[in-house]
file final.txt (compact mmCIF, C-alpha atoms)
# COMPACT_ATOMS: atom_id res chain seq x y z
CA MET A 7 100.15 112.11 25.75
CA THR A 8 98.34 109.10 24.30
CA GLY A 9 95.60 106.96 25.78
CA ILE A 10 91.98 107.14 26.92
CA LEU A 11 90.82 110.60 27.94
CA PRO A 12 89.77 111.03 31.60
CA ALA A 13 86.72 112.94 32.83
CA LYS A 14 88.61 116.23 33.15
CA ALA A 15 89.57 116.14 29.47
CA ILE A 16 85.98 115.28 28.47
CA GLU A 17 84.77 118.32 30.40
CA ALA A 18 87.27 120.42 28.45
CA MET A 19 85.87 119.03 25.18
CA PHE A 20 82.50 120.59 26.03
CA ALA A 21 84.23 123.90 26.76
CA ASN A 22 86.11 123.98 23.43
CA ASN A 23 83.16 122.64 21.36
CA ALA A 24 84.81 119.35 20.46
CA ILE A 25 81.58 118.02 22.03
CA LYS A 26 78.56 120.16 21.15
CA ALA A 27 75.16 120.09 22.86
CA ASP A 28 72.34 122.59 23.34
CA ARG A 29 72.15 121.63 27.03
CA ALA A 30 74.94 121.54 29.59
CA PRO A 31 76.02 118.04 30.65
CA ASP A 32 73.97 116.33 33.34
CA GLU A 33 75.64 116.24 36.74
CA ASP A 34 76.50 112.54 36.52
CA GLN A 35 76.85 112.24 32.74
CA ILE A 36 80.65 112.25 32.62
CA GLN A 37 82.16 109.04 34.02
CA PRO A 38 85.85 108.53 34.96
CA ALA A 39 86.76 107.56 31.37
CA SER A 40 83.57 107.91 29.31
CA LEU A 41 80.58 110.08 28.50
CA ASP A 42 76.96 108.94 28.63
CA LEU A 43 75.04 109.99 25.51
CA ARG A 44 71.54 111.51 25.80
CA LEU A 45 68.61 110.78 23.51
CA GLY A 46 67.19 113.69 21.53
CA ALA A 47 63.56 114.75 21.16
CA LYS A 48 62.52 112.43 18.32
CA ALA A 49 62.78 108.74 17.49
CA TRP A 50 62.03 107.14 14.14
CA ARG A 51 60.93 103.57 13.76
CA VAL A 52 62.66 102.23 10.64
CA ARG A 53 62.27 99.20 8.42
CA ALA A 54 65.80 97.92 8.94
CA SER A 55 69.17 98.58 10.49
CA PHE A 56 71.70 100.29 8.24
CA LEU A 57 75.09 101.93 7.89
CA PRO A 58 75.31 105.09 5.77
CA GLY A 59 78.64 104.17 4.16
CA PRO A 60 81.43 106.54 3.18
CA ASP A 61 79.34 108.68 0.81
CA ALA A 62 76.11 109.32 2.72
CA ARG A 63 74.70 110.95 5.83
CA VAL A 64 72.37 109.16 8.25
CA GLU A 65 69.60 111.64 7.45
CA GLU A 66 69.69 110.68 3.77
CA LYS A 67 69.26 106.98 4.58
CA LEU A 68 66.47 107.70 7.05
CA ASP A 69 64.34 109.36 4.37
CA LYS A 70 63.90 105.98 2.67
CA LEU A 71 63.40 103.84 5.79
CA ILE A 72 61.16 105.74 8.23
CA LEU A 73 57.92 104.03 9.16
CA HIS A 74 56.83 106.29 12.01
CA GLU A 75 58.05 109.33 13.97
CA ILE A 76 57.83 109.26 17.79
CA ASP A 77 57.87 112.24 20.14
CA LEU A 78 60.28 111.69 23.03
CA SER A 79 59.76 115.11 24.66
CA LYS A 80 57.56 113.39 27.28
CA SER A 81 58.06 109.62 27.05
CA ALA A 82 57.38 106.74 24.68
CA VAL A 83 57.47 102.96 24.69
CA LEU A 84 59.92 101.25 22.34
CA GLU A 85 58.55 97.81 21.46
CA THR A 86 60.54 94.60 21.22
CA ASN A 87 62.02 93.48 17.91
CA CYS A 88 61.52 96.88 16.30
CA VAL A 89 64.39 99.10 15.14
CA TYR A 90 64.49 102.78 16.13
CA ILE A 91 66.89 105.60 15.27
CA VAL A 92 67.33 108.59 17.58
CA GLN A 93 69.57 111.59 17.00
CA LEU A 94 71.59 112.14 20.15
CA GLN A 95 71.89 115.47 21.93
CA GLU A 96 75.66 115.36 21.67
CA ALA A 97 77.44 116.07 18.37
CA LEU A 98 81.20 115.99 17.79
CA ASN A 99 83.87 118.17 16.23
CA LEU A 100 86.94 116.07 16.96
CA PRO A 101 90.51 117.14 16.33
CA ASP A 102 92.49 115.06 13.86
CA ASP A 103 94.28 113.11 16.60
CA LEU A 104 91.17 112.08 18.54
CA SER A 105 88.90 109.10 17.77
CA ALA A 106 86.12 107.46 19.79
CA THR A 107 84.41 104.14 20.53
CA ALA A 108 80.83 103.69 21.75
CA ASN A 109 79.15 100.87 23.66
CA PRO A 110 75.84 100.20 25.39
CA LYS A 111 75.80 101.19 29.05
CA SER A 112 75.98 98.19 31.40
CA SER A 113 72.40 98.74 32.55
CA THR A 114 71.23 98.80 28.93
CA GLY A 115 72.83 95.46 28.12
CA ARG A 116 71.40 93.83 31.24
CA ILE A 117 67.84 94.46 30.04
CA ASP A 118 68.69 93.16 26.55
CA VAL A 119 68.33 96.43 24.69
CA PHE A 120 70.51 96.28 21.59
CA THR A 121 71.91 99.73 20.89
CA ARG A 122 74.82 101.10 18.88
CA VAL A 123 76.02 104.47 17.66
CA ILE A 124 76.05 105.59 14.01
CA THR A 125 77.87 108.53 12.40
CA ASP A 126 77.53 110.22 9.04
CA GLN A 127 79.72 108.45 6.45
CA GLY A 128 80.03 105.64 8.98
CA LYS A 129 81.50 102.33 7.79
CA ALA A 130 81.18 100.57 11.17
CA PHE A 131 78.90 100.76 14.18
CA ASP A 132 80.18 102.24 17.46
CA ARG A 133 83.29 103.69 15.81
CA VAL A 134 83.98 107.40 15.36
CA GLU A 135 86.87 108.25 13.08
CA ALA A 136 89.55 110.74 14.17
CA GLY A 137 88.60 114.26 13.13
CA TYR A 138 84.87 113.47 12.77
CA ASN A 139 82.64 116.55 12.63
CA GLY A 140 78.91 115.85 12.72
CA PRO A 141 75.91 114.43 14.59
CA LEU A 142 75.63 111.14 16.45
CA TYR A 143 72.69 108.74 16.22
CA ALA A 144 71.68 105.73 18.30
CA GLU A 145 70.13 102.62 16.80
CA ILE A 146 67.93 101.00 19.45
CA SER A 147 66.20 97.63 19.34
CA PRO A 148 64.74 96.13 22.55
CA LYS A 149 65.00 92.34 22.31
CA THR A 150 63.21 90.98 25.40
CA PHE A 151 61.46 93.74 27.34
CA PRO A 152 59.63 96.82 26.00
CA VAL A 153 61.25 99.95 27.43
CA LEU A 154 60.03 103.43 28.30
CA VAL A 155 62.43 106.19 27.20
CA ARG A 156 62.32 109.95 26.91
CA GLU A 157 64.41 112.87 25.76
CA GLY A 158 67.57 112.80 27.86
CA SER A 159 67.55 109.05 28.58
CA ARG A 160 71.05 107.59 28.43
CA LEU A 161 71.42 104.14 26.84
CA CYS A 162 74.94 104.26 25.42
CA GLN A 163 78.29 105.80 26.24
CA ILE A 164 81.37 106.93 24.37
CA ARG A 165 85.08 106.83 25.13
CA PHE A 166 87.67 109.10 23.49
CA ARG A 167 91.26 108.13 22.74
CA ASN A 168 94.37 109.85 21.50
CA GLY A 169 96.44 107.20 19.70
CA GLY A 170 97.21 104.29 21.99
CA GLY A 171 95.57 100.91 21.54
CA PHE A 172 95.08 97.67 23.44
CA ILE A 173 97.96 96.63 25.68
CA PRO A 174 99.70 93.49 24.33
CA ASP A 175 99.86 90.34 26.44
CA GLU A 176 103.55 90.60 27.31
CA HIS A 177 102.94 94.00 28.94
CA LEU A 178 99.63 92.88 30.42
CA LEU A 179 101.39 90.03 32.22
CA HIS A 180 103.66 92.52 33.99
CA ILE A 181 100.65 94.65 34.96
CA HIS A 182 98.88 91.52 36.24
CA LYS A 183 101.85 90.61 38.45
CA GLU A 184 101.89 94.11 39.93
CA HIS A 185 98.14 94.81 40.26
CA THR A 186 96.36 91.38 40.03
CA LEU A 187 94.02 92.10 37.14
CA VAL A 188 92.12 88.84 37.66
CA SER A 189 91.78 86.36 40.50
CA GLY A 190 89.95 83.09 40.94
CA GLY A 191 88.55 80.89 38.18
CA ASN A 192 91.04 79.93 35.49
CA ASP A 193 93.55 82.59 36.53
CA GLU A 194 96.54 80.35 35.84
CA HIS A 195 95.71 80.85 32.15
CA ALA A 196 94.19 84.31 32.53
CA ILE A 197 96.24 86.36 30.06
CA SER A 198 95.79 85.37 26.42
CA ASN A 199 94.68 88.01 23.93
CA GLY A 200 93.60 90.01 26.96
CA VAL A 201 92.25 88.80 30.28
CA GLN A 202 90.12 85.71 29.70
CA VAL A 203 86.73 85.59 31.40
CA SER A 204 85.00 82.29 32.11
CA ILE A 205 81.51 81.42 33.31
CA ASP A 206 80.52 80.42 36.86
CA LEU A 207 77.86 77.70 36.96
CA LYS A 208 78.69 76.37 40.44
CA GLY A 209 77.81 79.41 42.56
CA ASN A 210 77.94 78.50 46.22
CA GLY A 211 77.21 74.83 45.59
CA LYS A 212 74.16 72.70 44.84
CA ASP A 213 70.83 74.60 44.87
CA SER A 214 72.55 78.03 44.94
CA LEU A 215 71.58 80.80 42.53
CA ILE A 216 73.78 80.91 39.40
CA GLY A 217 71.82 83.12 37.01
CA TYR A 218 68.56 84.43 35.61
CA ARG A 219 66.53 83.73 32.49
CA ALA A 220 64.34 86.51 31.12
CA LYS A 221 60.59 86.03 30.98
CA ARG A 222 58.55 86.88 27.92
CA HIS A 223 55.43 89.08 27.70
CA THR A 224 56.33 91.24 30.67
CA GLY A 225 55.54 94.80 31.62
CA VAL A 226 57.51 97.85 30.51
CA ILE A 227 60.85 98.88 32.03
CA ASP A 228 61.40 102.61 32.52
CA VAL A 229 65.11 103.00 31.72
CA ASP A 230 65.45 106.03 34.00
CA ARG A 231 63.96 104.53 37.18
CA LYS A 232 66.18 102.71 39.67
CA ASP A 233 64.96 99.97 42.04
CA ALA A 234 61.48 100.22 40.51
CA GLN A 235 60.74 96.67 39.38
CA ASP A 236 60.21 93.36 41.16
CA PRO A 237 62.67 90.87 39.63
CA ALA A 238 60.07 88.09 39.87
CA ASP A 239 57.94 89.86 37.25
CA PHE A 240 60.75 89.75 34.68
CA TRP A 241 63.16 86.94 35.57
CA GLU A 242 63.22 83.24 36.35
CA PRO A 243 66.07 82.34 38.74
CA ILE A 244 68.42 79.51 37.71
CA TYR A 245 69.94 77.26 40.37
CA ASN A 246 72.87 74.87 40.45
CA ARG A 247 71.31 71.43 40.00
CA GLY A 248 74.54 69.60 40.71
CA ASP A 249 76.19 69.15 37.30
CA ALA A 250 77.53 72.71 36.69
CA THR A 251 76.13 72.90 33.15
CA LEU A 252 73.36 74.93 31.59
CA ILE A 253 71.45 74.41 28.34
CA LEU A 254 70.85 77.75 26.62
CA ASP A 255 67.54 77.72 24.76
CA PRO A 256 67.55 79.42 21.35
CA ASN A 257 66.91 83.16 21.38
CA GLU A 258 66.42 83.32 25.14
CA PHE A 259 68.27 85.86 27.27
CA TYR A 260 70.30 84.98 30.36
CA ILE A 261 72.15 86.90 33.06
CA LEU A 262 75.15 84.91 34.32
CA VAL A 263 78.41 85.83 36.03
CA SER A 264 82.12 85.25 35.59
CA GLN A 265 84.18 82.97 37.81
CA GLU A 266 86.90 85.57 37.96
CA ALA A 267 86.98 88.77 39.94
CA VAL A 268 88.47 91.42 37.67
CA HIS A 269 90.31 94.61 38.52
CA VAL A 270 90.91 97.78 36.52
CA PRO A 271 93.69 99.82 38.17
CA PRO A 272 93.32 103.63 38.20
CA ASN A 273 95.67 104.29 35.29
CA TYR A 274 93.95 101.83 32.94
CA ALA A 275 90.57 101.28 31.30
CA ALA A 276 89.12 98.02 29.98
CA GLU A 277 86.50 96.72 27.56
CA MET A 278 84.87 93.31 27.05
CA VAL A 279 85.37 91.87 23.56
CA PRO A 280 84.48 88.49 21.96
CA PHE A 281 86.63 85.52 22.90
CA ASP A 282 86.19 83.48 19.73
CA PRO A 283 83.07 83.39 17.52
CA LEU A 284 83.81 79.74 16.69
CA VAL A 285 83.53 78.37 20.24
CA GLY A 286 79.77 77.80 20.13
CA GLU A 287 76.30 78.90 19.09
CA PHE A 288 75.98 81.60 21.71
CA ARG A 289 76.96 85.20 22.21
CA VAL A 290 77.76 87.38 25.18
CA HIS A 291 76.13 90.79 24.81
CA TYR A 292 79.20 92.92 25.47
CA ALA A 293 77.68 95.90 27.20
CA GLY A 294 79.60 98.82 28.57
CA PHE A 295 83.13 99.81 29.43
CA PHE A 296 85.04 99.05 32.60
CA ASP A 297 86.13 102.38 34.06
CA PRO A 298 89.36 103.01 35.98
CA GLY A 299 88.87 101.83 39.56
CA PHE A 300 86.44 98.99 38.76
CA GLY A 301 87.11 96.38 41.46
CA HIS A 302 89.85 98.56 42.99
CA SER A 303 90.35 98.15 46.74
CA THR A 304 90.79 101.83 47.61
CA VAL A 305 87.29 102.65 46.38
CA GLY A 306 85.47 99.74 47.96
CA GLY A 307 86.18 96.91 45.53
CA THR A 308 87.91 93.63 46.19
CA GLY A 309 87.83 92.68 42.55
CA SER A 310 84.41 92.62 40.91
CA ARG A 311 82.85 89.84 38.88
CA ALA A 312 81.87 90.53 35.28
CA VAL A 313 78.15 90.07 34.72
CA LEU A 314 77.52 88.28 31.42
CA GLU A 315 74.52 88.89 29.17
CA VAL A 316 74.22 85.66 27.18
CA ARG A 317 72.02 84.56 24.28
CA SER A 318 72.03 81.32 22.29
CA HIS A 319 71.34 81.34 18.55
CA ASP A 320 69.55 78.84 16.30
CA VAL A 321 70.04 75.68 18.37
CA PRO A 322 70.12 74.74 22.07
CA PHE A 323 73.69 74.89 23.36
CA ILE A 324 75.29 73.52 26.54
CA VAL A 325 77.70 75.77 28.43
CA GLU A 326 79.86 74.32 31.18
CA HIS A 327 81.35 75.75 34.34
CA GLY A 328 84.72 77.36 33.58
CA GLN A 329 84.06 77.75 29.85
CA THR A 330 85.74 80.88 28.49
CA VAL A 331 83.16 83.25 27.05
CA GLY A 332 84.91 86.60 26.66
CA ARG A 333 88.04 88.59 27.34
CA LEU A 334 88.87 91.98 28.78
CA VAL A 335 91.28 94.14 26.83
CA TYR A 336 93.06 96.96 28.62
CA GLU A 337 94.25 100.39 27.50
CA HIS A 338 96.34 103.09 29.10
CA MET A 339 94.63 106.18 30.45
CA GLN A 340 96.04 109.48 29.25
CA GLU A 341 96.20 110.32 32.95
CA VAL A 342 94.63 108.96 36.14
CA PRO A 343 91.09 110.37 36.58
CA GLU A 344 90.48 112.63 39.55
CA THR A 345 87.54 110.40 40.58
CA LEU A 346 87.50 106.63 40.13
CA TYR A 347 84.64 104.22 39.53
CA GLY A 348 82.76 103.63 42.78
CA GLU A 349 84.13 106.78 44.44
CA GLY A 350 80.93 108.65 45.34
CA ILE A 351 79.71 108.97 41.74
CA GLY A 352 76.68 106.69 41.87
CA SER A 353 78.45 103.64 40.42
CA ASN A 354 75.96 100.79 40.41
CA TYR A 355 78.16 97.72 40.07
CA GLN A 356 81.27 98.15 42.23
CA GLY A 357 82.01 94.97 44.19
CA GLN A 358 79.28 93.11 42.33
CA ALA A 359 78.73 89.39 42.03
CA LEU A 360 75.65 88.10 40.17
CA LYS A 361 73.48 91.20 39.87
CA LEU A 362 70.55 92.38 37.76
CA SER A 363 70.47 95.90 36.34
CA LYS A 364 69.80 98.95 38.48
CA HIS A 365 66.14 98.95 37.40
CA PHE A 366 65.33 96.00 39.70
CA ARG A 367 65.06 95.84 43.46
CA ALA A 368 67.86 93.76 44.94
CA THR A 369 67.07 90.16 45.75
CA GLN A 370 68.01 88.63 49.11
CA THR A 371 70.82 86.74 47.35
CA GLU A 372 72.26 89.95 45.90
CA GLU A 373 72.07 91.69 49.29
CA ALA A 374 73.79 88.81 51.10

call {"tool": "encode", "arguments": {"input": "final.txt", "output": "structure tokens"}}
result
Amino acid sequence: MTGILPAKAIEAMFANNAIKADRAPDEDQIQPASLDLRLGAKAWRVRASFLPGPDARVEEKLDKLILHEIDLSKSAVLETNCVYIVQLQEALNLPDDLSATANPKSSTGRIDVFTRVITDQGKAFDRVEAGYNGPLYAEISPKTFPVLVREGSRLCQIRFRNGGGFIPDEHLLHIHKEHTLVSGGNDEHAISNGVQVSIDLKGNGKDSLIGYRAKRHTGVIDVDRKDAQDPADFWEPIYNRGDATLILDPNEFYILVSQEAVHVPPNYAAEMVPFDPLVGEFRVHYAGFFDPGFGHSTVGGTGSRAVLEVRSHDVPFIVEHGQTVGRLVYEHMQEVPETLYGEGIGSNYQGQALKLSKHFRATQTEEA
């Protein structure tokens, strides 16, 4: 069978040493269609980001780039605009028919921590070739907030696939008619190179909350603590001023939300990918996968909005209500997971609208 491996198959990969780790998996580490990856005991601050290329191991490149070694056995602060490399606790010994893709966890992207996975002989970030046998490393670079991490912290996740690939539009249209993959917003033009996602700058009308802009020179965020921070210490709220537009200031970080409510049925998985790099001088920080059951009615969802982590580059740029900023691509699951997203597994973002990461106490608007 082809497709994305469900949790049960990932558990079996630990048992047959396709995934190797000195410690057993954490209780909540395996998600319906992905595996959270744990930081190891040491981090190295390096001069620059890098890829090893087809003829080198990560360790060989590190020897020339290390500035400082950091002990993560207790905890350590990773400073903004520095680049760190951490060997992950999980290593892989994949069969020849199994490849993998990594992504930041949703909560990682929402605090603007840039992270991606590197392999030995790697030619691309966040991609693990079929049959790979070796260690995994995370490159970590906090962009807005300094973060406190430790051995075992989980900033990125990995998804395994046997063959398969993204579902083409003609098939996606049939799935949309049967399951309603997207509703609201620009849904009459929703399916084009995946499910298009547009930005909501109207909210509930004039003076309503439509997003957040990150503050500078804040305190430290402990990545492992939920509901620990007051949003007012880290974020400036943005309100609808009546014209449904927003000027993105260069190199500032914003949390916004999609117009559309999206739905990932139980036998599918989804991923946010770029819409078109030529549409403007901004980028959505595509963090995390969308697990089977995201926005699914039987596990408490009525379609869930996609939270958008947005940054402008080089020049101020105006975004308008309804502007398409990304797209969701769908893949088949190898089989339906036994437990879906939001089904008693500590899922943080089922049924979400505009919502900050799990590290922040909910605002009155988010609770409403």

call {"tool": "closest_atom_pairs", "arguments": {"input": "final.txt", "of": "segment 66-134 of chain A", "to": "segment 150-158 of chain A", "cutoff": "10 Å", "atoms": "all atoms listed in the file", "output": "CSV"}}
result
residue,atom,partner,partner_atom,distance
A:Asp77,CA,A:Arg156,CA,8.4
A:Leu78,CA,A:Arg156,CA,4.7
A:Ser79,CA,A:Glu157,CA,5.3
A:Lys80,CA,A:Arg156,CA,5.9
A:Ser81,CA,A:Arg156,CA,4.3
A:Ala82,CA,A:Leu154,CA,5.6
A:Val83,CA,A:Leu154,CA,4.5
A:Leu84,CA,A:Val153,CA,5.4
A:Glu85,CA,A:Pro152,CA,4.8
A:Thr86,CA,A:Pro152,CA,5.3
A:Asn87,CA,A:Thr150,CA,8.0
A:Cys88,CA,A:Pro152,CA,9.9
A:Val92,CA,A:Glu157,CA,9.7
A:Leu94,CA,A:Gly158,CA,8.7
A:Gln95,CA,A:Gly158,CA,7.8
A:Ile117,CA,A:Phe151,CA,7.0
A:Asp118,CA,A:Thr150,CA,6.0
A:Val119,CA,A:Thr150,CA,7.5
A:Phe120,CA,A:Thr150,CA,9.8

call {"tool": "closest_residue", "arguments": {"input": "final.txt", "among": "A:Asn22, A:Thr251, A:Thr121, A:Asn210", "to": "Pro148 of chain A", "atoms": "only C-alpha atoms"}}
result
A:Thr121

call {"tool": "residues_around", "arguments": {"input": "final.txt", "residues": "Asp239 of chain A", "least_positions_apart": "2", "cutoff": "12 Å", "atoms": "only C-alpha atoms", "output": "PyMOL selection string"}}
result
chain A and resi 151+219-227+234-237+241-243+366-367

call {"tool": "closest_residue", "arguments": {"input": "final.txt", "among": "A:Arg247, A:Lys361, A:Arg333, A:His182", "to": "Ile261 of chain A", "atoms": "all atoms listed in the file"}}
result
A:Lys361

call {"tool": "atom_distance", "arguments": {"input": "final.txt", "atom1": "atom CA of Gly59 of chain A", "atom2": "atom CA of Asn109 of chain A"}}
result
19.8 Å

call {"tool": "atom_distance", "arguments": {"input": "final.txt", "atom1": "atom CA of Leu215 of chain A", "atom2": "atom CA of Val263 of chain A"}}
result
10.7 Å

call {"tool": "residues_near_point", "arguments": {"input": "final.txt", "point": "(70.0, 83.0, 29.2)", "cutoff": "7 Å", "atoms": "all atoms listed in the file", "output": "tab-separated table (two decimals) with C-alpha atoms, in the coordinates of the input"}}
result
chain	number	residue	atom	x	y	z
A	218	TYR	CA	68.56	84.43	35.61
A	219	ARG	CA	66.53	83.73	32.49
A	220	ALA	CA	64.34	86.51	31.12
A	254	LEU	CA	70.85	77.75	26.62
A	258	GLU	CA	66.42	83.32	25.14
A	259	PHE	CA	68.27	85.86	27.27
A	260	TYR	CA	70.30	84.98	30.36
A	261	ILE	CA	72.15	86.90	33.06
A	316	VAL	CA	74.22	85.66	27.18
A	317	ARG	CA	72.02	84.56	24.28

call {"tool": "residues_near_point", "arguments": {"input": "final.txt", "point": "(83.5, 112.4, 34.2)", "cutoff": "9 Å", "atoms": "all atoms listed in the file", "output": "ChimeraX atom specification"}}
result
/A:12-17,34-41,343-345

call {"tool": "atom_distance", "arguments": {"input": "final.txt", "atom1": "atom CA of Arg116 of chain A", "atom2": "atom CA of Arg165 of chain A"}}
result
19.8 Å

call {"tool": "closest_residue", "arguments": {"input": "final.txt", "among": "A:Val321, A:Leu207, A:Val279, A:Ile197", "to": "Gln265 of chain A", "atoms": "only C-alpha atoms"}}
result
A:Leu207

call {"tool": "closest_residue", "arguments": {"input": "final.txt", "among": "A:Val331, A:Ile173, A:Ile25, A:Ala62", "to": "Leu142 of chain A", "atoms": "only C-alpha atoms"}}
result
A:Ile25

call {"tool": "residues_around", "arguments": {"input": "final.txt", "residues": "Ser55 of chain A", "least_positions_apart": "4", "cutoff": "10 Å", "atoms": "all atoms listed in the file", "output": "NGL selection string"}}
result
:A and (71 or 88-91 or 145-147)

call {"tool": "closest_residue", "arguments": {"input": "final.txt", "among": "A:Ile72, A:Ile181, A:Ala275, A:Leu11", "to": "Arg53 of chain A", "atoms": "all atoms listed in the file"}}
result
A:Ile72

call {"tool": "closest_residue", "arguments": {"input": "final.txt", "among": "A:Asn23, A:Ser318, A:Gln163, A:Ser363", "to": "Leu100 of chain A", "atoms": "all atoms listed in the file"}}
result
A:Asn23

call {"tool": "closest_atom_pairs", "arguments": {"input": "final.txt", "of": "segment 29-128 of chain A", "to": "segment 135-140 of chain A", "cutoff": "8 Å", "atoms": "all atoms listed in the file", "output": "CSV"}}
result
residue,atom,partner,partner_atom,distance
A:Ala97,CA,A:Gly140,CA,5.8
A:Leu98,CA,A:Asn139,CA,5.4
A:Asn99,CA,A:Asn139,CA,4.1
A:Leu100,CA,A:Gly137,CA,4.5
A:Pro101,CA,A:Gly137,CA,4.7
A:Asp102,CA,A:Gly137,CA,4.0
A:Asp103,CA,A:Ala136,CA,5.8
A:Leu104,CA,A:Ala136,CA,4.8
A:Ser105,CA,A:Ala136,CA,4.0
A:Ala106,CA,A:Glu135,CA,6.8
A:Thr125,CA,A:Gly140,CA,7.4
A:Asp126,CA,A:Gly140,CA,6.9

call {"tool": "decode", "arguments": {"input": "final.txt", "residues": "segment 32-47 of chain A", "atoms": "N, CA and C atoms", "output": "PDB file, in the first residue's frame"}}
result
ATOM      1  N   ASP A  32       8.275   9.311  23.656  1.00  0.00           N
ATOM      2  CA  ASP A  32       7.410   9.956  24.637  1.00  0.00           C
ATOM      3  C   ASP A  32       5.966   9.559  24.372  1.00  0.00           C
ATOM      4  N   GLU A  33       5.145   9.663  25.401  1.00  0.00           N
ATOM      5  CA  GLU A  33       3.765   9.182  25.304  1.00  0.00           C
ATOM      6  C   GLU A  33       2.992   9.855  24.176  1.00  0.00           C
ATOM      7  N   ASP A  34       3.232  11.160  23.974  1.00  0.00           N
ATOM      8  CA  ASP A  34       2.480  11.904  22.967  1.00  0.00           C
ATOM      9  C   ASP A  34       3.337  12.285  21.766  1.00  0.00           C
ATOM     10  N   GLN A  35       4.422  11.580  21.550  1.00  0.00           N
ATOM     11  CA  GLN A  35       5.370  11.959  20.489  1.00  0.00           C
ATOM     12  C   GLN A  35       4.891  11.567  19.103  1.00  0.00           C
ATOM     13  N   ILE A  36       4.152  10.473  19.012  1.00  0.00           N
ATOM     14  CA  ILE A  36       3.656   9.991  17.726  1.00  0.00           C
ATOM     15  C   ILE A  36       2.260  10.561  17.493  1.00  0.00           C
ATOM     16  N   GLN A  37       2.130  11.338  16.429  1.00  0.00           N
ATOM     17  CA  GLN A  37       0.860  11.963  16.052  1.00  0.00           C
ATOM     18  C   GLN A  37       0.139  11.063  15.037  1.00  0.00           C
ATOM     19  N   PRO A  38      -1.097  11.384  14.648  1.00  0.00           N
ATOM     20  CA  PRO A  38      -1.828  10.497  13.729  1.00  0.00           C
ATOM     21  C   PRO A  38      -1.079  10.163  12.452  1.00  0.00           C
ATOM     22  N   ALA A  39      -0.270  11.118  11.927  1.00  0.00           N
ATOM     23  CA  ALA A  39       0.444  10.842  10.672  1.00  0.00           C
ATOM     24  C   ALA A  39       1.865  11.388  10.698  1.00  0.00           C
ATOM     25  N   SER A  40       2.430  11.610  11.869  1.00  0.00           N
ATOM     26  CA  SER A  40       3.775  12.177  11.941  1.00  0.00           C
ATOM     27  C   SER A  40       4.415  11.840  13.277  1.00  0.00           C
ATOM     28  N   LEU A  41       5.704  12.109  13.350  1.00  0.00           N
ATOM     29  CA  LEU A  41       6.494  11.865  14.551  1.00  0.00           C
ATOM     30  C   LEU A  41       7.202  13.150  14.953  1.00  0.00           C
ATOM     31  N   ASP A  42       7.011  13.602  16.183  1.00  0.00           N
ATOM     32  CA  ASP A  42       7.798  14.714  16.700  1.00  0.00           C
ATOM     33  C   ASP A  42       9.244  14.240  16.921  1.00  0.00           C
ATOM     34  N   LEU A  43      10.187  15.113  16.645  1.00  0.00           N
ATOM     35  CA  LEU A  43      11.606  14.786  16.779  1.00  0.00           C
ATOM     36  C   LEU A  43      12.188  15.499  17.996  1.00  0.00           C
ATOM     37  N   ARG A  44      12.968  14.768  18.812  1.00  0.00           N
ATOM     38  CA  ARG A  44      13.474  15.292  20.081  1.00  0.00           C
ATOM     39  C   ARG A  44      14.917  15.774  19.943  1.00  0.00           C
ATOM     40  N   LEU A  45      15.205  16.919  20.567  1.00  0.00           N
ATOM     41  CA  LEU A  45      16.570  17.423  20.573  1.00  0.00           C
ATOM     42  C   LEU A  45      17.463  16.523  21.418  1.00  0.00           C
ATOM     43  N   GLY A  46      18.733  16.404  20.983  1.00  0.00           N
ATOM     44  CA  GLY A  46      19.722  15.658  21.737  1.00  0.00           C
ATOM     45  C   GLY A  46      20.342  16.495  22.836  1.00  0.00           C
ATOM     46  N   ALA A  47      21.470  16.036  23.368  1.00  0.00           N
ATOM     47  CA  ALA A  47      22.063  16.625  24.567  1.00  0.00           C
ATOM     48  C   ALA A  47      22.968  17.814  24.289  1.00  0.00           C
TER      49      ALA A  47
END
